[in-house]
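Trainee: Got coords_12.cif for you, mmCIF, C-alpha atoms:
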```
data_query
#
loop_
_atom_site.group_PDB
_atom_site.id
_atom_site.type_symbol
_atom_site.label_atom_id
_atom_site.label_comp_id
_atom_site.auth_asym_id
_atom_site.auth_seq_id
_atom_site.Cartn_x
_atom_site.Cartn_y
_atom_site.Cartn_z
ATOM 1 C CA MET T 12 14.195 -12.130 -11.715
ATOM 2 C CA ARG T 13 12.103 -14.073 -14.238
ATOM 3 C CA ASN T 14 9.389 -16.575 -13.430
ATOM 4 C CA ARG T 15 6.998 -19.088 -14.961
ATOM 5 C CA LEU T 16 4.062 -18.192 -12.759
ATOM 6 C CA LYS T 17 1.777 -17.152 -15.606
ATOM 7 C CA VAL T 18 2.388 -20.413 -17.482
ATOM 8 C CA LEU T 19 1.906 -22.565 -14.387
ATOM 9 C CA ARG T 20 -1.277 -20.693 -13.520
ATOM 10 C CA ALA T 21 -2.651 -21.047 -17.056
ATOM 11 C CA GLU T 22 -1.916 -24.800 -17.020
ATOM 12 C CA ARG T 23 -4.247 -25.100 -14.041
ATOM 13 C CA ASP T 24 -6.820 -22.754 -15.571
ATOM 14 C CA TRP T 25 -6.618 -20.443 -12.566
ATOM 15 C CA SER T 26 -7.309 -16.716 -12.687
ATOM 16 C CA GLN T 27 -4.914 -14.302 -10.979
ATOM 17 C CA ALA T 28 -7.491 -13.857 -8.206
ATOM 18 C CA GLU T 29 -7.730 -17.641 -7.733
ATOM 19 C CA LEU T 30 -3.964 -17.972 -7.427
ATOM 20 C CA GLY T 31 -3.805 -14.908 -5.165
ATOM 21 C CA GLY T 32 -6.443 -16.357 -2.860
ATOM 22 C CA ARG T 33 -4.616 -19.686 -2.653
ATOM 23 C CA LEU T 34 -1.392 -17.846 -1.782
ATOM 24 C CA GLY T 35 -2.998 -15.333 0.586
ATOM 25 C CA VAL T 36 -2.053 -12.342 -1.543
ATOM 26 C CA SER T 37 -4.048 -9.968 -3.747
ATOM 27 C CA ARG T 38 -4.728 -10.356 -7.466
ATOM 28 C CA GLN T 39 -2.603 -7.233 -7.949
ATOM 29 C CA ALA T 40 0.304 -8.937 -6.170
ATOM 30 C CA VAL T 41 0.085 -11.944 -8.504
ATOM 31 C CA ASN T 42 0.014 -9.581 -11.473
ATOM 32 C CA ALA T 43 3.038 -7.655 -10.146
ATOM 33 C CA ILE T 44 5.008 -10.902 -9.754
ATOM 34 C CA GLU T 45 3.994 -12.265 -13.164
ATOM 35 C CA THR T 46 4.974 -9.067 -14.947
ATOM 36 C CA GLY T 47 8.291 -8.850 -13.100
ATOM 37 C CA LYS T 48 7.418 -5.617 -11.268
ATOM 38 C CA TYR T 49 7.840 -7.320 -7.914
ATOM 39 C CA ASP T 50 10.131 -10.102 -6.720
ATOM 40 C CA PRO T 51 8.387 -12.123 -4.006
ATOM 41 C CA SER T 52 9.890 -12.585 -0.573
ATOM 42 C CA LEU T 53 11.521 -15.921 0.207
ATOM 43 C CA PRO T 54 8.533 -17.118 2.313
ATOM 44 C CA LEU T 55 6.128 -16.296 -0.540
ATOM 45 C CA ALA T 56 8.426 -17.940 -3.100
ATOM 46 C CA PHE T 57 8.447 -21.114 -0.977
ATOM 47 C CA LYS T 58 4.657 -20.940 -0.698
ATOM 48 C CA ILE T 59 4.386 -20.684 -4.490
ATOM 49 C CA ALA T 60 6.762 -23.624 -4.901
ATOM 50 C CA ARG T 61 4.717 -25.717 -2.452
ATOM 51 C CA LEU T 62 1.454 -24.834 -4.194
ATOM 52 C CA PHE T 63 2.793 -25.955 -7.577
ATOM 53 C CA ALA T 64 4.745 -28.848 -6.002
ATOM 54 C CA MET T 65 7.945 -27.767 -7.728
ATOM 55 C CA PRO T 66 11.398 -26.629 -6.614
ATOM 56 C CA ILE T 67 11.758 -22.840 -6.430
ATOM 57 C CA GLU T 68 14.426 -22.798 -9.142
ATOM 58 C CA GLU T 69 12.003 -24.365 -11.616
ATOM 59 C CA ILE T 70 9.646 -21.426 -11.128
ATOM 60 C CA PHE T 71 12.054 -18.530 -10.613
ATOM 61 C CA SER T 72 15.305 -17.879 -12.396
ATOM 62 C CA ASP T 73 17.915 -15.198 -11.965
ATOM 63 C CA ASP T 74 18.244 -12.828 -14.933
ATOM 64 C CA GLU T 75 21.986 -13.414 -14.958
ATOM 65 C CA SER T 76 21.712 -17.198 -15.017
ATOM 66 C CA GLY T 77 19.225 -17.307 -17.915
ATOM 67 C CA GLY T 78 21.671 -16.435 -20.709
ATOM 68 C CA GLY T 79 23.583 -19.697 -20.542
ATOM 69 C CA ASP T 80 26.973 -18.042 -20.993
ATOM 70 C CA ASP T 81 28.196 -18.259 -17.406
ATOM 71 C CA MET J 5 -10.278 -9.059 -15.458
ATOM 72 C CA THR J 6 -9.964 -10.250 -19.075
ATOM 73 C CA SER J 7 -12.680 -12.346 -20.764
ATOM 74 C CA ARG J 8 -10.246 -15.269 -20.650
ATOM 75 C CA GLU J 9 -9.806 -14.790 -16.894
ATOM 76 C CA ALA J 10 -13.581 -14.606 -16.446
ATOM 77 C CA GLY J 11 -13.884 -18.123 -17.838
ATOM 78 C CA MET J 12 -11.178 -19.569 -15.597
ATOM 79 C CA THR J 13 -11.657 -21.780 -12.577
ATOM 80 C CA LYS J 14 -13.456 -20.076 -9.702
ATOM 81 C CA GLY J 15 -12.451 -21.927 -6.593
ATOM 82 C CA PRO J 16 -11.640 -21.343 -2.933
ATOM 83 C CA GLY J 17 -8.872 -18.950 -3.964
ATOM 84 C CA GLU J 18 -11.326 -16.555 -5.617
ATOM 85 C CA ARG J 19 -13.537 -16.536 -2.526
ATOM 86 C CA ALA J 20 -10.552 -15.899 -0.249
ATOM 87 C CA GLU J 21 -9.351 -13.110 -2.529
ATOM 88 C CA LYS J 22 -12.829 -11.512 -2.547
ATOM 89 C CA SER J 23 -12.954 -11.625 1.249
ATOM 90 C CA ARG J 24 -9.425 -10.154 1.488
ATOM 91 C CA ASN J 25 -10.420 -7.430 -0.980
ATOM 92 C CA ASN J 26 -13.533 -6.569 1.068
ATOM 93 C CA ARG J 27 -11.398 -6.248 4.220
ATOM 94 C CA PHE J 28 -8.975 -3.958 2.379
ATOM 95 C CA TRP J 29 -11.729 -1.608 1.166
ATOM 96 C CA GLY J 30 -13.376 -1.680 4.599
ATOM 97 C CA LEU J 31 -10.120 -0.396 6.059
ATOM 98 C CA MET J 32 -9.835 2.219 3.311
ATOM 99 C CA ALA J 33 -13.364 3.408 4.134
ATOM 100 C CA GLY J 34 -12.330 3.655 7.804
ATOM 101 C CA PHE J 35 -9.300 5.795 6.962
ATOM 102 C CA MET J 36 -11.467 8.007 4.735
ATOM 103 C CA LEU J 37 -13.937 8.409 7.602
ATOM 104 C CA LEU J 38 -11.030 9.452 9.812
ATOM 105 C CA GLY J 39 -10.035 12.037 7.193
ATOM 106 C CA GLY J 40 -13.618 13.292 7.318
ATOM 107 C CA VAL J 41 -13.397 13.659 11.116
ATOM 108 C CA ILE J 42 -10.219 15.733 10.757
ATOM 109 C CA GLY J 43 -11.861 17.847 8.043
ATOM 110 C CA ALA J 44 -14.937 18.393 10.205
ATOM 111 C CA GLY J 45 -12.679 19.471 13.075
ATOM 112 C CA MET J 46 -11.013 22.023 10.830
ATOM 113 C CA VAL J 47 -14.404 23.358 9.665
ATOM 114 C CA VAL J 48 -15.478 23.764 13.318
ATOM 115 C CA MET J 49 -12.198 25.562 13.990
ATOM 116 C CA GLU J 50 -12.699 27.942 11.059
ATOM 117 C CA HIS J 51 -16.181 28.807 12.327
ATOM 118 C CA ASN J 52 -14.661 29.681 15.714
ATOM 119 C CA SER J 53 -12.150 32.197 14.312
ATOM 120 C CA GLY J 54 -9.306 29.678 14.307
ATOM 121 C CA VAL J 55 -9.942 28.391 17.824
ATOM 122 C CA LEU J 56 -10.983 24.791 18.441
ATOM 123 C CA PRO J 57 -13.164 24.059 21.500
ATOM 124 C CA ALA J 58 -11.127 22.032 24.013
ATOM 125 C CA ALA J 59 -13.579 19.114 24.011
ATOM 126 C CA VAL J 60 -13.466 18.868 20.204
ATOM 127 C CA ALA J 61 -9.663 19.089 20.211
ATOM 128 C CA ILE J 62 -9.388 16.274 22.762
ATOM 129 C CA ALA J 63 -11.954 14.144 20.899
ATOM 130 C CA ILE J 64 -10.008 14.546 17.649
ATOM 131 C CA THR J 65 -6.691 13.586 19.248
ATOM 132 C CA VAL J 66 -8.251 10.457 20.784
ATOM 133 C CA VAL J 67 -9.899 9.419 17.504
ATOM 134 C CA LEU J 68 -6.714 10.191 15.551
ATOM 135 C CA THR J 69 -4.412 8.277 17.881
ATOM 136 C CA LEU J 70 -6.629 5.217 18.065
ATOM 137 C CA GLY J 71 -7.678 5.358 14.426
ATOM 138 C CA VAL J 72 -4.298 5.964 12.817
ATOM 139 C CA GLY J 73 -2.281 3.932 15.331
ATOM 140 C CA GLY J 74 -4.611 0.950 15.609
ATOM 141 C CA GLY J 75 -5.789 1.165 12.009
ATOM 142 C CA THR J 76 -2.262 1.182 10.617
ATOM 143 C CA TRP J 77 -1.193 -1.696 12.875
ATOM 144 C CA TYR J 78 -4.180 -3.777 11.718
ATOM 145 C CA PHE J 79 -3.788 -2.658 8.095
ATOM 146 C CA LEU J 80 -0.117 -3.636 7.815
ATOM 147 C CA GLY J 81 -0.881 -6.970 9.453
ATOM 148 C CA SER J 82 -3.683 -7.851 7.068
ATOM 149 C CA VAL J 83 -2.412 -6.707 3.644
ATOM 150 C CA ASP J 84 0.029 -8.665 1.483
ATOM 151 C CA GLU J 85 3.720 -7.917 1.027
ATOM 152 C CA VAL J 86 3.275 -5.911 -2.201
ATOM 153 C CA GLU J 87 0.812 -3.557 -0.510
ATOM 154 C CA ARG J 88 3.165 -3.288 2.485
ATOM 155 C CA ARG J 89 6.071 -2.460 0.147
ATOM 156 C CA ASP J 90 4.004 0.301 -1.534
ATOM 157 C CA ASN J 91 3.111 1.741 1.875
ATOM 158 C CA TYR J 92 6.725 1.629 3.114
ATOM 159 C CA VAL J 93 7.943 3.428 -0.009
ATOM 160 C CA ALA J 94 5.214 6.087 0.268
ATOM 161 C CA SER J 95 5.916 6.565 4.004
ATOM 162 C CA THR J 96 9.649 6.950 3.398
ATOM 163 C CA VAL J 97 9.126 9.468 0.600
ATOM 164 C CA GLY J 98 6.616 11.371 2.775
ATOM 165 C CA LEU J 99 8.925 11.414 5.801
ATOM 166 C CA ASN J 100 11.897 12.635 3.761
ATOM 167 C CA PHE J 101 9.759 15.312 2.136
ATOM 168 C CA TYR J 102 8.547 16.451 5.570
ATOM 169 C CA LEU J 103 12.066 16.500 7.056
ATOM 170 C CA ILE J 104 13.514 18.487 4.172
ATOM 171 C CA LEU J 105 10.600 20.939 3.867
ATOM 172 C CA TYR J 106 10.108 21.578 7.580
ATOM 173 C CA ALA J 107 13.802 21.751 8.513
ATOM 174 C CA ASN J 108 14.641 24.102 5.631
ATOM 175 C CA TRP J 109 11.645 26.337 6.290
ATOM 176 C CA TYR J 110 12.462 26.376 10.029
ATOM 177 C CA PHE J 111 16.090 27.461 9.533
ATOM 178 C CA LEU J 112 15.148 30.031 6.895
ATOM 179 C CA TRP J 113 12.584 31.384 9.377
ATOM 180 C CA LYS J 114 15.212 31.514 12.133
ATOM 181 C CA GLY J 115 17.456 33.400 9.728
ATOM 182 C CA ALA J 116 14.613 35.891 9.203
ATOM 183 C CA VAL J 117 14.448 35.014 5.505
ATOM 184 C CA VAL J 118 10.870 33.718 5.411
ATOM 185 C CA ARG J 119 7.786 33.771 7.654
ATOM 186 C CA GLU J 120 7.164 31.124 10.348
ATOM 187 C CA PRO J 121 6.560 27.602 8.942
ATOM 188 C CA GLY J 122 2.930 27.030 7.981
ATOM 189 C CA HIS J 123 1.876 23.911 9.874
ATOM 190 C CA GLU J 124 -1.241 23.155 7.852
ATOM 191 C CA ALA J 125 0.551 23.762 4.544
ATOM 192 C CA ILE J 126 3.373 21.378 5.504
ATOM 193 C CA PHE J 127 0.926 18.732 6.711
ATOM 194 C CA ILE J 128 -1.221 18.884 3.571
ATOM 195 C CA ALA J 129 1.821 18.981 1.241
ATOM 196 C CA THR J 130 3.272 15.920 2.993
ATOM 197 C CA MET J 131 -0.018 14.030 2.605
ATOM 198 C CA ILE J 132 -0.168 14.925 -1.105
ATOM 199 C CA VAL J 133 3.444 13.847 -1.734
ATOM 200 C CA MET J 134 2.909 10.606 0.205
ATOM 201 C CA ALA J 135 -0.272 9.815 -1.767
ATOM 202 C CA ALA J 136 1.514 10.613 -5.057
ATOM 203 C CA ALA J 137 4.395 8.272 -4.117
ATOM 204 C CA TYR J 138 1.922 5.526 -3.179
ATOM 205 C CA PHE J 139 -0.048 5.737 -6.420
ATOM 206 C CA TRP J 140 3.126 6.040 -8.497
ATOM 207 C CA LYS J 141 4.430 2.820 -6.935
ATOM 208 C CA LYS J 142 1.087 1.056 -7.227
ATOM 209 C CA LEU J 143 -0.091 2.120 -10.668
ATOM 210 C CA ARG J 144 3.041 2.726 -12.747
ATOM 211 C CA PRO J 145 3.120 0.593 -15.920
#
```
Could you take the file, read its structure, and then write that structure out as structure tokens?
Mentor:
Amino acid sequence: MRNRLKVLRAERDWSQAELGGRLGVSRQAVNAIETGKYDPSLPLAFKIARLFAMPIEEIFSDDESGGGDD
Amino acid sequence: MTSREAGMTKGPGERAEKSRNNRFWGLMAGFMLLGGVIGAGMVVMEHNSGVLPAAVAIAITVVLTLGVGGGTWYFLGSVDEVERRDNYVASTVGLNFYLILYANWYFLWKGAVVREPGHEAIFIATMIVMAAAYFWKKLRP
């Protein structure tokens, strides 16, 4: 799973800790999601989408759907 | 935190994260204190030629049950899903290690191949394996 969390966070000039606090998760959790080490649960993904006021699929994309050949 | 991160917006999120972090380390300190209580109990036992006074034994079981049971319940309810995942993985690895080690040692003992299972050795080895699994999950690049 890939995501645009780091870009969206940088656009708002938020640190990982700031984003983590707004989501109710740790800075380490934000880092794990941004670096692709952890895929968030559906409730957390919805929370992220609500925070950035975007649909989930504009933030997260499936590895298999990113190549454009399917 | 990078120098770029240090210059970023410090808002309500940072304060909430700091408070969450303080709670986490408070709980960690509590678990470490509990470990100290167990260690102290073992020192008392060693000084009494392997026998633990009944009152100390009962006190330890009460502290352990309330501390580990209540502490774990509160801990899992207050940490985020990544921390919970790391704990679940470490617990599963630890439980499997314990089942394999104890069961094998037990049957080999029953078959008169080895001496009786060493309870302390199994307990300590399980704790070490569980901690290793936790830190591997948490800190791997």
Trainee: Just need the residues of chain T within 10 Å of chain J, counting all atoms listed in the file, so spit them out as a list of chain:residue names.
Mentor: T:Ala21, T:Arg23, T:Asp24, T:Trp25, T:Ser26, T:Gln27, T:Ala28, T:Glu29, T:Leu30, T:Gly31, T:Gly32, T:Arg33, T:Leu34, T:Gly35, T:Val36, T:Ser37, T:Arg38, T:Gln39, T:Ala40, T:Val41, T:Ala43, T:Ile44, T:Thr46, T:Lys48, T:Tyr49, T:Asp50, T:Pro51, T:Ser52, T:Leu55
Trainee: Mind checking which residues fall within 9 Å of Thr96 in chain J, counting only C-alpha atoms, ignoring those fewer than 5 positions away in the same chain, and posting them as a list in words?
Mentor: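 Answer for this query is Asn91, Phe101 and Met134 of chain J.
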Trainee: Report, in Å with one decimal, the straight-line distance from CA of Glu50 in chain J to CA of Tyr110 in chain J.
Mentor: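 Interatomic distance, CA of Glu50 in chain J to CA of Tyr110 in chain J: 25.2 Å.
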Trainee: Mind giving me the straight-line distance from CA of Ser72 in chain T to CA of Tyr138 in chain J in Å, one decimal?
Mentor: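 Atom-to-atom, CA of Ser72 in chain T and CA of Tyr138 in chain J are spaced 28.5 Å apart.
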Trainee: Could you list, as number ranges by chain, every residue within 10 Å of Val67 in chain J, counting all atoms listed in the file and ignoring same-chain residues fewer than 5 positions away?
Mentor: J: 38, 41-42, 62, 72-73
Trainee: Grab the CA of Asp73 in chain T to CA of Arg61 in chain T distance for me, in Å with one decimal place.
Mentor: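 We find that CA of Asp73 in chain T and CA of Arg61 in chain T lie 19.4 Å from each other.
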Trainee: Which is closest to Asn108 in chain J among J:Val48, J:Ile126, J:Val93, J:Val133, if we use only C-alpha atoms?
Mentor: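 Among the listed residues, J:Ile126 lies closest to Asn108 in chain J.
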Trainee: Extending 4 Å beyond the listed atoms of range 13-17 of chain T on each side, what axis-aligned box results? I want centre and edge lengths in Å to one decimal, as JSON.
Mentor:
```
{"center_x": 6.9, "center_y": -16.6, "center_z": -14.2, "size_x": 18.3, "size_y": 13.0, "size_z": 10.8}
```
Trainee: Please determine, counting all atoms listed in the file, which residue among J:Ala136, J:Leu112, J:Val66, J:Ile128 has the shortest atom-to-atom distance to Gly43 in chain J.
Mentor: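 So, comparing all the options, the nearest one is J:Ile128.
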Trainee: Check the smallest atom-to-atom distance from each of J:Glu124, J:Lys114, J:Ala107, J:Ala94 to Trp140 in chain J using only C-alpha atoms, then report the winner.
Mentor: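 Among J:Glu124, J:Lys114, J:Ala107, J:Ala94, it is J:Ala94 that comes nearest to Trp140 in chain J.
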Trainee: Using all atoms listed in the file, find the one residue out of J:Gly30, J:Thr130, J:Ala44, J:Asp90 that sits nearest to Ile104 in chain J.
Mentor: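 Distance minimum relative to Ile104 in chain J lands on J:Thr130.
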Trainee: So which residues touch Phe57 in chain T within 12 Å, counting all atoms listed in the file, skipping near sequence neighbours fewer than 4 positions away, as a JSON list (two decimals) with C-alpha atoms, in the coordinates of the input?
Mentor:
```
[["chain", "number", "residue", "atom", "x", "y", "z"],
["T", 34, "LEU", "CA", -1.39, -17.85, -1.78],
["T", 51, "PRO", "CA", 8.39, -12.12, -4.01],
["T", 52, "SER", "CA", 9.89, -12.58, -0.57],
["T", 53, "LEU", "CA", 11.52, -15.92, 0.21],
["T", 61, "ARG", "CA", 4.72, -25.72, -2.45],
["T", 62, "LEU", "CA", 1.45, -24.83, -4.19],
["T", 63, "PHE", "CA", 2.79, -25.96, -7.58],
["T", 64, "ALA", "CA", 4.74, -28.85, -6.00],
["T", 65, "MET", "CA", 7.94, -27.77, -7.73],
["T", 66, "PRO", "CA", 11.40, -26.63, -6.61],
["T", 67, "ILE", "CA", 11.76, -22.84, -6.43],
["T", 68, "GLU", "CA", 14.43, -22.80, -9.14],
["T", 69, "GLU", "CA", 12.00, -24.36, -11.62],
["T", 70, "ILE", "CA", 9.65, -21.43, -11.13],
["T", 71, "PHE", "CA", 12.05, -18.53, -10.61]]
```
Trainee: Could you state which residues are captured by the PyMOL selection byres ((chain T and resi 16) around 8) in this file, as a list in words?
Mentor: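 Evaluating the PyMOL selection byres ((chain T and resi 16) around 8) on these coordinates yields Asn14, Arg15, Lys17, Val18, Leu19, Arg20, Ile44, Glu45 and Ile70 of chain T.
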Trainee: Those same residues - C-alpha atoms - I'd like them written as a PDB file, keeping the file's coordinate frame.
Mentor:
```
ATOM      1  CA  ASN T  14       9.389 -16.575 -13.430  1.00  0.00           C
ATOM      2  CA  ARG T  15       6.998 -19.088 -14.961  1.00  0.00           C
ATOM      3  CA  LYS T  17       1.777 -17.152 -15.606  1.00  0.00           C
ATOM      4  CA  VAL T  18       2.388 -20.413 -17.482  1.00  0.00           C
ATOM      5  CA  LEU T  19       1.906 -22.565 -14.387  1.00  0.00           C
ATOM      6  CA  ARG T  20      -1.277 -20.693 -13.520  1.00  0.00           C
ATOM      7  CA  ILE T  44       5.008 -10.902  -9.754  1.00  0.00           C
ATOM      8  CA  GLU T  45       3.994 -12.265 -13.164  1.00  0.00           C
ATOM      9  CA  ILE T  70       9.646 -21.426 -11.128  1.00  0.00           C
TER      10      ILE T  70
END
```
Trainee: Would you write out, as a PyMOL selection string, every residue that the PyMOL selection byres ((chain J and resi 121) around 8) captures in this file?
Mentor: chain J and resi 106+109-110+113+119-120+122-123+126
Trainee: Given the point (-4.9, 5.3, 12.3) in the file's coordinates, find the residues that have an atom at most 12 Å from it, counting all atoms listed in the file, and give them as a list in words.
Mentor: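 Looking at atoms near the point gives Leu31, Met32, Ala33, Gly34, Phe35, Met36, Leu37, Leu38, Gly39, Val41, Ile42, Ile64, Thr65, Val66, Val67, Leu68, Thr69, Leu70, Gly71, Val72, Gly73, Gly74, Gly75, Thr76, Trp77, Tyr78, Phe79 and Leu80 of chain J.
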